[in-house]
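Novice: Here it is, the structure, as structure tokens.
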Amino acid sequence: MDAGQERDPLGNRIAGKRDELIALTQALVRIPTLNPPGDLYRDICELLRDRLAPRGFDCQLVRAQGAPGDSDAHPRWNIVARREGTRPGDCVHFNSHTDVVEVGSGWTRDPFGAELDGDRIYGRGTCDMKGGLAASIIAAEAFLEEHPDFAGAIEISGTADEESGGYGGVAYLAEQGFFDPARVQHVIIPEPLGHDRICLGHRGGWWAEIETKGEIAHGSMPFLGDCAVRHMGAVLDAFERDLFPALANRRTDMPVIPDGARQATLNINSIHGGEPEQATDYTGLPSACVPDSCRIAIDRRYLIEETFEDVQAEVIAVLEALRETRPRFDYSVREINRITPSMTDRDAPVVTTVAGAIRAVTGHDPAYVASPGSYDQKHIDRIGRLKNCIAYGPGVLEMAHKPDEWVSVTDMIASARVMGRALETLLLP
């Protein structure tokens, strides 16, 4: 029995909803909301509406019209459900993304079967983060049953596209005022960090496409052209020689997990050069051409101690040095996306409240961590101007995006008990 369970009627009520929690998680996972392209967002929003509306929540389905990725074929639907209390007070908002990444290979179970095996539910999105969404719903419902006369408001949102930047989800909602500090005061994002850890924020990110340029010519006479792929090889060699070692020696004071992510990092996300890949059923041979273009996409994760201007300038400096020393070298850089680091203060109200709830439920102090990758806190912070935001939820972070992804039912119940205890602290003045 966890610490304080005998003196925790709400926690006992949540524990008694184990079967309901399992069924809700399974129902969410069995809607394959794959992103890309962004399938079945409306379906999962309707499932959530049908669940929450009978329990007194005012539910809005909001399409992110004109956001990146939104189209008639794949509309970006979101749901925001709000339950008002009986008197004025703060609003606590639980935000979960409903999209999941591609399945990938290596599965031994049905990725959308939501199979229960012992204490684990298996399937794409169980850990990241439909288990967290289900836990927050069960916590809120149990709180309403235990404390119908509460102050303030509870909101639960299911949002699109976090896995591809969140611009059709939380960013759009923030632009529409849904995360205005006058409307919402506390935000908990149930990302899979574990039931005894509080995630305060995340590193920054700069995605960019670098293109090296050449001149097309016949492949039997490459001296008449200029090979863009060879130029890109020089870029990669310079990165290996100069940039990667410099990044490895640069570390942050943020509590980023795992330890390897406490350094600045650069990932070469993709490379494309020369003749485009043909369809798999193409049986012909490639044409003999010198490639006049080669492109890489880079994913530079930067530390809160770094500035974006320095991050960008460091990459440009490598390219400019090659322009000066390598004959006919030419390049261009196109920004794809930019994410500012985000870090909530440890003395922020939502942090101290959830920390106290973790102590009450588990009997020990929480760990304070930061995420190696970004999540939707970036939009709540930057666009919504709401700083009182954390990630807290069930799941093992390393299981996210993996084959045979799973979430522990015990972990979900513990997280829901912490969320419920936090609601009691914030909404029962």
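Quick note on naming: the chains in the structure tokens go A, B, ... in the order shown, residues restart at 1 in each chain, and ligands are numbered from 1 in order of appearance.
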Please provide the set of residues having any atom within 12 Å of Asp8 of chain A, restricted to only C-alpha atoms, with same-chain residues fewer than 5 positions apart removed, written as a PDB file with N, CA and C atoms, in the first residue's frame.

Specialist:
ATOM      1  N   MET A   1       0.851  -1.200   0.000  1.00  0.00           N
ATOM      2  CA  MET A   1       0.000   0.000   0.000  1.00  0.00           C
ATOM      3  C   MET A   1       0.881   1.241   0.000  1.00  0.00           C
ATOM      4  N   ASP A   2       0.617   2.210  -0.886  1.00  0.00           N
ATOM      5  CA  ASP A   2       1.403   3.426  -0.951  1.00  0.00           C
ATOM      6  C   ASP A   2       1.179   4.283   0.286  1.00  0.00           C
ATOM      7  N   ALA A   3       2.102   5.194   0.508  1.00  0.00           N
ATOM      8  CA  ALA A   3       1.995   6.083   1.655  1.00  0.00           C
ATOM      9  C   ALA A   3       0.683   6.856   1.612  1.00  0.00           C
ATOM     10  N   ARG A  13     -10.716   5.796  -4.336  1.00  0.00           N
ATOM     11  CA  ARG A  13     -11.739   5.815  -5.397  1.00  0.00           C
ATOM     12  C   ARG A  13     -11.084   5.608  -6.754  1.00  0.00           C
ATOM     13  N   ILE A  14      -9.930   6.268  -6.982  1.00  0.00           N
ATOM     14  CA  ILE A  14      -9.212   6.112  -8.251  1.00  0.00           C
ATOM     15  C   ILE A  14      -8.736   4.678  -8.422  1.00  0.00           C
ATOM     16  N   ALA A  15      -8.167   4.102  -7.361  1.00  0.00           N
ATOM     17  CA  ALA A  15      -7.705   2.712  -7.437  1.00  0.00           C
ATOM     18  C   ALA A  15      -8.853   1.763  -7.762  1.00  0.00           C
ATOM     19  N   PHE A 143     -12.289  12.860  -8.830  1.00  0.00           N
ATOM     20  CA  PHE A 143     -12.318  14.093  -8.037  1.00  0.00           C
ATOM     21  C   PHE A 143     -13.722  14.686  -8.024  1.00  0.00           C
ATOM     22  N   GLU A 146     -15.943  12.719  -5.755  1.00  0.00           N
ATOM     23  CA  GLU A 146     -15.593  12.869  -4.337  1.00  0.00           C
ATOM     24  C   GLU A 146     -15.840  14.285  -3.835  1.00  0.00           C
ATOM     25  N   ALA A 357       1.973  16.260  -3.822  1.00  0.00           N
ATOM     26  CA  ALA A 357       1.106  15.117  -4.106  1.00  0.00           C
ATOM     27  C   ALA A 357       1.923  13.847  -4.283  1.00  0.00           C
ATOM     28  N   ALA A 360       2.899  12.634  -0.910  1.00  0.00           N
ATOM     29  CA  ALA A 360       1.773  12.039  -0.195  1.00  0.00           C
ATOM     30  C   ALA A 360       1.448  10.644  -0.714  1.00  0.00           C
ATOM     31  N   VAL A 361       1.560  10.447  -2.020  1.00  0.00           N
ATOM     32  CA  VAL A 361       1.179   9.164  -2.624  1.00  0.00           C
ATOM     33  C   VAL A 361       2.291   8.138  -2.515  1.00  0.00           C
ATOM     34  N   ARG A 417      -3.626   9.089  -9.036  1.00  0.00           N
ATOM     35  CA  ARG A 417      -3.759   9.467  -7.623  1.00  0.00           C
ATOM     36  C   ARG A 417      -3.019  10.765  -7.344  1.00  0.00           C
ATOM     37  N   VAL A 418      -1.836  10.935  -7.940  1.00  0.00           N
ATOM     38  CA  VAL A 418      -1.100  12.190  -7.770  1.00  0.00           C
ATOM     39  C   VAL A 418      -1.875  13.344  -8.392  1.00  0.00           C
ATOM     40  N   GLY A 420      -5.084  13.539  -8.836  1.00  0.00           N
ATOM     41  CA  GLY A 420      -6.243  13.797  -7.987  1.00  0.00           C
ATOM     42  C   GLY A 420      -5.879  14.588  -6.745  1.00  0.00           C
ATOM     43  N   ARG A 421      -4.750  14.208  -6.106  1.00  0.00           N
ATOM     44  CA  ARG A 421      -4.306  14.931  -4.915  1.00  0.00           C
ATOM     45  C   ARG A 421      -3.964  16.383  -5.278  1.00  0.00           C
ATOM     46  N   GLU A 424      -7.110  18.383  -5.444  1.00  0.00           N
ATOM     47  CA  GLU A 424      -7.610  18.699  -4.114  1.00  0.00           C
ATOM     48  C   GLU A 424      -6.879  19.918  -3.544  1.00  0.00           C
TER      49      GLU A 424
END

Novice: Quick one: residues within 6 Å of segment 248-260 of chain A, only C-alpha atoms counted, chain neighbours fewer than 2 positions away excluded, as a ChimeraX atom specification?

Specialist: /A:245-246,262-264,369-372

Novice: Looking only at helix (DSSP H, G or I) from DSSP on the backbone, list the matching residues of segment 11-247 of chain A as a PyMOL selection string.

Specialist: chain A and resi 11-15+18-29+41-55+126-146+162-164+170-175+222-224+228-247

Novice: Residues of segment 40-95 of chain A within 12 Å of segment 136-140 of chain A: nearest atom pair and distance (Å, one decimal) for each, counting only C-alpha atoms, sorted by chain and number, as a Markdown table?

Specialist:
| residue | atom | partner | partner_atom | distance |
| --- | --- | --- | --- | --- |
| A:Leu48 | CA | A:Ile137 | CA | 9.4 |
| A:Arg49 | CA | A:Ile137 | CA | 11.6 |
| A:Arg51 | CA | A:Ile137 | CA | 9.3 |
| A:Leu52 | CA | A:Ile137 | CA | 8.4 |
| A:Arg55 | CA | A:Ala140 | CA | 10.2 |
| A:Gly56 | CA | A:Ala140 | CA | 11.5 |
| A:Phe57 | CA | A:Ala140 | CA | 10.8 |
| A:Ala81 | CA | A:Ile137 | CA | 10.6 |
| A:Arg82 | CA | A:Ala140 | CA | 10.9 |
| A:Arg83 | CA | A:Ala140 | CA | 9.7 |
| A:Val92 | CA | A:Ala140 | CA | 10.1 |
| A:His93 | CA | A:Ser136 | CA | 9.8 |
| A:Phe94 | CA | A:Ser136 | CA | 6.7 |
| A:Asn95 | CA | A:Ser136 | CA | 8.8 |

Novice: Let me see the file: selected residues, C-alpha atoms, as an mmCIF file, in the first residue's frame.

Specialist:
data_model
loop_
_atom_site.group_PDB
_atom_site.id
_atom_site.type_symbol
_atom_site.label_atom_id
_atom_site.label_comp_id
_atom_site.auth_asym_id
_atom_site.auth_seq_id
_atom_site.Cartn_x
_atom_site.Cartn_y
_atom_site.Cartn_z
ATOM 1 C CA LEU A 48 -13.600 11.997 -25.615
ATOM 2 C CA ARG A 49 -16.667 14.215 -26.022
ATOM 3 C CA ARG A 51 -17.101 10.335 -22.427
ATOM 4 C CA LEU A 52 -16.874 13.786 -20.839
ATOM 5 C CA ARG A 55 -20.109 14.043 -16.787
ATOM 6 C CA GLY A 56 -20.871 17.756 -16.955
ATOM 7 C CA PHE A 57 -18.046 18.980 -19.184
ATOM 8 C CA ALA A 81 -13.583 20.077 -22.287
ATOM 9 C CA ARG A 82 -14.293 22.342 -19.289
ATOM 10 C CA ARG A 83 -16.172 21.626 -16.069
ATOM 11 C CA VAL A 92 -6.389 23.301 -13.759
ATOM 12 C CA HIS A 93 -5.857 22.092 -17.313
ATOM 13 C CA PHE A 94 -4.701 18.592 -18.318
ATOM 14 C CA ASN A 95 -3.381 18.602 -21.882
#

Novice: So that I can check the surroundings of His231 of chain A, please list as an mmCIF file with C-alpha atoms, in the first residue's frame every protein, DNA and RNA residue that reaches within 12 Å of it, counting only C-alpha atoms and ignoring chain neighbours fewer than 6 positions away.

Specialist:
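The result, stored in result_2.cif:
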data_model
loop_
_atom_site.group_PDB
_atom_site.id
_atom_site.type_symbol
_atom_site.label_atom_id
_atom_site.label_comp_id
_atom_site.auth_asym_id
_atom_site.auth_seq_id
_atom_site.Cartn_x
_atom_site.Cartn_y
_atom_site.Cartn_z
ATOM 1 C CA ILE A 210 21.363 22.576 -45.793
ATOM 2 C CA GLU A 211 21.768 22.306 -49.574
ATOM 3 C CA THR A 212 25.061 22.045 -51.372
ATOM 4 C CA LYS A 213 24.975 23.049 -55.022
ATOM 5 C CA GLY A 214 26.783 21.668 -58.044
ATOM 6 C CA GLU A 215 26.464 21.423 -61.803
ATOM 7 C CA ASP A 237 33.463 15.680 -42.609
ATOM 8 C CA ALA A 238 33.766 19.177 -41.147
ATOM 9 C CA GLY A 273 21.242 13.878 -53.391
ATOM 10 C CA PRO A 291 24.230 15.477 -59.054
ATOM 11 C CA ASP A 292 23.726 19.225 -58.962
ATOM 12 C CA SER A 293 22.037 19.278 -55.537
ATOM 13 C CA CYS A 294 22.398 17.498 -52.212
ATOM 14 C CA ARG A 295 20.334 18.265 -49.132
ATOM 15 C CA ILE A 296 20.522 17.255 -45.484
ATOM 16 C CA LEU A 319 29.858 26.305 -44.160
ATOM 17 C CA LEU A 322 34.334 25.559 -46.675
ATOM 18 C CA ARG A 323 33.301 28.300 -49.090
ATOM 19 C CA THR A 325 38.785 26.825 -48.871
ATOM 20 C CA ARG A 326 36.908 24.491 -51.244
ATOM 21 C CA PRO A 327 36.748 25.317 -54.970
ATOM 22 C CA ARG A 328 33.246 25.965 -56.340
ATOM 23 C CA PHE A 329 31.623 25.281 -52.973
ATOM 24 C CA ASP A 330 28.199 26.911 -52.668
ATOM 25 C CA TYR A 331 25.364 26.292 -50.246
#

Novice: Name the closest residue to Ala234 of chain A among the candidates A:Arg183, A:Asp310, A:Tyr392, A:Val318; distances are taken between atoms, counting only C-alpha atoms.

Specialist: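 Selected residue with least distance to Ala234 of chain A: A:Val318.
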
Novice: In Å, how far is it from atom CA of Phe112 of chain A to atom CA of Thr126 of chain A?

Specialist: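 For atom CA of Phe112 of chain A relative to atom CA of Thr126 of chain A, the distance reads 9.4 Å.
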
Novice: Calculated over only C-alpha atoms, which of the candidates A:Gly152, A:Asp128, A:Asp281, A:Ala67 has the smallest distance to Pro88 of chain A?

Specialist: A:Gly152

Novice: Using DSSP on the backbone, list every residue of segment 138-169 of chain A that comes out as strand (DSSP E or B), and give them as an mmCIF file with N, CA and C atoms, in the first residue's frame.

Specialist:
data_model
loop_
_atom_site.group_PDB
_atom_site.id
_atom_site.type_symbol
_atom_site.label_atom_id
_atom_site.label_comp_id
_atom_site.auth_asym_id
_atom_site.auth_seq_id
_atom_site.Cartn_x
_atom_site.Cartn_y
_atom_site.Cartn_z
ATOM 1 N N ALA A 151 -14.046 24.571 -6.172
ATOM 2 C CA ALA A 151 -13.877 25.916 -6.696
ATOM 3 C C ALA A 151 -13.121 25.872 -8.022
ATOM 4 N N GLY A 152 -13.349 26.899 -8.848
ATOM 5 C CA GLY A 152 -12.580 27.028 -10.081
ATOM 6 C C GLY A 152 -13.121 26.178 -11.207
ATOM 7 N N ALA A 153 -12.223 25.544 -11.945
ATOM 8 C CA ALA A 153 -12.618 24.764 -13.119
ATOM 9 C C ALA A 153 -11.553 23.716 -13.415
ATOM 10 N N ILE A 154 -12.000 22.647 -14.087
ATOM 11 C CA ILE A 154 -11.100 21.609 -14.596
ATOM 12 C C ILE A 154 -11.258 21.570 -16.105
ATOM 13 N N GLU A 155 -10.137 21.560 -16.801
ATOM 14 C CA GLU A 155 -10.160 21.388 -18.254
ATOM 15 C C GLU A 155 -9.344 20.162 -18.636
ATOM 16 N N ILE A 156 -9.829 19.477 -19.667
ATOM 17 C CA ILE A 156 -9.113 18.355 -20.265
ATOM 18 C C ILE A 156 -9.100 18.583 -21.768
ATOM 19 N N SER A 157 -7.909 18.559 -22.361
ATOM 20 C CA SER A 157 -7.829 18.733 -23.813
ATOM 21 C C SER A 157 -7.154 17.523 -24.441
ATOM 22 N N GLY A 158 -7.601 17.210 -25.656
ATOM 23 C CA GLY A 158 -6.957 16.221 -26.507
ATOM 24 C C GLY A 158 -6.580 16.924 -27.793
ATOM 25 N N THR A 159 -5.282 17.015 -28.074
ATOM 26 C CA THR A 159 -4.827 17.899 -29.139
ATOM 27 C C THR A 159 -4.017 17.158 -30.190
#

Novice: So which one's closest to Phe239 of chain A, A:Glu314, A:Gly166, A:Gly225, A:Pro37? Using only C-alpha atoms, please.

Specialist: A:Glu314

Novice: Work out how far apart atom CA of Ala228 of chain A and atom CA of His272 of chain A are and give it in Å to one decimal.

Specialist: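 Atom-to-atom, atom CA of Ala228 of chain A to atom CA of His272 of chain A, that is 10.5 Å.
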
Novice: Pick from A:Leu247, A:Ile44, A:Ala279, A:Ile198: nearest to Cys389 of chain A, with only C-alpha atoms counted?

Specialist: A:Ile198

Novice: Tell me, as number ranges by chain, which residues lie within 9 Å of Ile31 of chain A, counting only C-alpha atoms; anything in the same chain fewer than 3 positions away does not count.

Specialist: A: 26-28, 34, 39-41, 43-44, 112

Novice: Got a sec: who's within 10 Å of segment 104-106 of chain A, counting only C-alpha atoms, leaving out chain neighbours fewer than 4 positions off, as a PDB file with N, CA, C and O atoms, in the first residue's frame?

Specialist:
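Result written to out04.pdb:
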ATOM      1  N   PRO A 111      -0.229  -3.631 -32.976  1.00  0.00           N
ATOM      2  CA  PRO A 111       0.069  -2.266 -32.511  1.00  0.00           C
ATOM      3  C   PRO A 111      -1.167  -1.496 -32.061  1.00  0.00           C
ATOM      4  O   PRO A 111      -1.045  -0.558 -31.266  1.00  0.00           O
ATOM      5  N   ARG A 124       0.672   0.993 -29.874  1.00  0.00           N
ATOM      6  CA  ARG A 124       1.242   2.290 -30.245  1.00  0.00           C
ATOM      7  C   ARG A 124       0.432   3.394 -29.570  1.00  0.00           C
ATOM      8  O   ARG A 124      -0.782   3.506 -29.748  1.00  0.00           O
ATOM      9  N   HIS A 401       7.744   5.534 -28.824  1.00  0.00           N
ATOM     10  CA  HIS A 401       8.075   5.328 -30.237  1.00  0.00           C
ATOM     11  C   HIS A 401       8.739   3.967 -30.499  1.00  0.00           C
ATOM     12  O   HIS A 401       9.212   3.739 -31.612  1.00  0.00           O
ATOM     13  N   LYS A 402       8.781   3.089 -29.514  1.00  0.00           N
ATOM     14  CA  LYS A 402       9.450   1.799 -29.672  1.00  0.00           C
ATOM     15  C   LYS A 402       8.458   0.728 -30.117  1.00  0.00           C
ATOM     16  O   LYS A 402       7.259   0.852 -29.920  1.00  0.00           O
ATOM     17  N   PRO A 403       8.957  -0.385 -30.725  1.00  0.00           N
ATOM     18  CA  PRO A 403       8.075  -1.523 -30.975  1.00  0.00           C
ATOM     19  C   PRO A 403       7.640  -2.128 -29.645  1.00  0.00           C
ATOM     20  O   PRO A 403       8.345  -2.044 -28.637  1.00  0.00           O
ATOM     21  N   ASP A 404       6.452  -2.755 -29.659  1.00  0.00           N
ATOM     22  CA  ASP A 404       5.860  -3.334 -28.444  1.00  0.00           C
ATOM     23  C   ASP A 404       5.786  -2.311 -27.313  1.00  0.00           C
ATOM     24  O   ASP A 404       6.022  -2.616 -26.138  1.00  0.00           O
TER      25      ASP A 404
END

Novice: For segment 354-356 of chain A, work out the shell of residues within 12 Å, counting only C-alpha atoms and skipping chain neighbours fewer than 4 positions away, then give it as a PyMOL selection string.

Specialist: chain A and resi 92+186-189+195-200+346-350+360-368+388-393+415-426

Novice: Just C-alpha atoms for this one: save the residues we selected as a PDB file, in the first residue's frame.

Specialist:
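The new file result-v5.pdb reads:
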ATOM      1  CA  VAL A  92      -6.389  23.301 -13.759  1.00  0.00           C
ATOM      2  CA  HIS A 186      -2.156  25.554 -13.978  1.00  0.00           C
ATOM      3  CA  VAL A 187      -1.251  23.139 -16.793  1.00  0.00           C
ATOM      4  CA  ILE A 188      -0.212  19.498 -16.412  1.00  0.00           C
ATOM      5  CA  ILE A 189       0.849  17.606 -19.533  1.00  0.00           C
ATOM      6  CA  HIS A 195       4.710   8.693 -11.550  1.00  0.00           C
ATOM      7  CA  ASP A 196       7.441  10.071  -9.271  1.00  0.00           C
ATOM      8  CA  ARG A 197       9.164  12.566 -11.592  1.00  0.00           C
ATOM      9  CA  ILE A 198       8.264  16.145 -12.510  1.00  0.00           C
ATOM     10  CA  CYS A 199       9.433  17.423 -15.876  1.00  0.00           C
ATOM     11  CA  LEU A 200      10.146  21.132 -15.710  1.00  0.00           C
ATOM     12  CA  ARG A 346      10.852  24.768  -9.166  1.00  0.00           C
ATOM     13  CA  ASP A 347       8.900  27.081  -6.876  1.00  0.00           C
ATOM     14  CA  ALA A 348       6.043  27.561  -9.373  1.00  0.00           C
ATOM     15  CA  PRO A 349       2.639  26.666  -7.867  1.00  0.00           C
ATOM     16  CA  VAL A 350       1.987  23.655 -10.126  1.00  0.00           C
ATOM     17  CA  ALA A 360       1.773  12.039  -0.195  1.00  0.00           C
ATOM     18  CA  VAL A 361       1.179   9.164  -2.624  1.00  0.00           C
ATOM     19  CA  THR A 362       4.648   7.592  -2.780  1.00  0.00           C
ATOM     20  CA  GLY A 363       6.205   8.590   0.508  1.00  0.00           C
ATOM     21  CA  HIS A 364       9.323  10.095  -1.083  1.00  0.00           C
ATOM     22  CA  ASP A 365      10.448  13.281  -2.814  1.00  0.00           C
ATOM     23  CA  PRO A 366      10.022  13.599  -6.569  1.00  0.00           C
ATOM     24  CA  ALA A 367      12.865  13.745  -9.027  1.00  0.00           C
ATOM     25  CA  TYR A 368      13.013  16.912 -11.114  1.00  0.00           C
ATOM     26  CA  ASN A 388       3.007  27.593 -14.671  1.00  0.00           C
ATOM     27  CA  CYS A 389       3.234  24.378 -16.703  1.00  0.00           C
ATOM     28  CA  ILE A 390       4.884  20.979 -16.251  1.00  0.00           C
ATOM     29  CA  ALA A 391       4.907  17.540 -17.794  1.00  0.00           C
ATOM     30  CA  TYR A 392       3.864  14.797 -15.397  1.00  0.00           C
ATOM     31  CA  GLY A 393       2.412  11.432 -16.283  1.00  0.00           C
ATOM     32  CA  SER A 415      -0.155   8.978 -11.564  1.00  0.00           C
ATOM     33  CA  ALA A 416      -3.920   9.434 -11.440  1.00  0.00           C
ATOM     34  CA  ARG A 417      -3.759   9.467  -7.623  1.00  0.00           C
ATOM     35  CA  VAL A 418      -1.100  12.190  -7.770  1.00  0.00           C
ATOM     36  CA  MET A 419      -3.200  14.192 -10.229  1.00  0.00           C
ATOM     37  CA  GLY A 420      -6.243  13.797  -7.987  1.00  0.00           C
ATOM     38  CA  ARG A 421      -4.306  14.931  -4.915  1.00  0.00           C
ATOM     39  CA  ALA A 422      -3.075  17.971  -6.883  1.00  0.00           C
ATOM     40  CA  LEU A 423      -6.664  18.853  -7.786  1.00  0.00           C
ATOM     41  CA  GLU A 424      -7.610  18.699  -4.114  1.00  0.00           C
ATOM     42  CA  THR A 425      -4.805  21.105  -3.216  1.00  0.00           C
ATOM     43  CA  LEU A 426      -5.587  23.585  -5.983  1.00  0.00           C
TER      44      LEU A 426
END

Novice: Got a sec: who's within 10 Å of Val29 of chain A, counting only C-alpha atoms, leaving out chain neighbours fewer than 5 positions off, as a VMD selection string?

Specialist: chain A and resid 23 to 24 44 98 100 111 to 115 121 to 127 129 to 131

Novice: Rank A:Gly16, A:Gly11, A:Gly373, A:Gly168 by their smallest atom-to-atom distance to Gly201 of chain A, using only C-alpha atoms, and report the top residue only.

Specialist: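 Checking each candidate against Gly201 of chain A, we get A:Gly373 as the closest.
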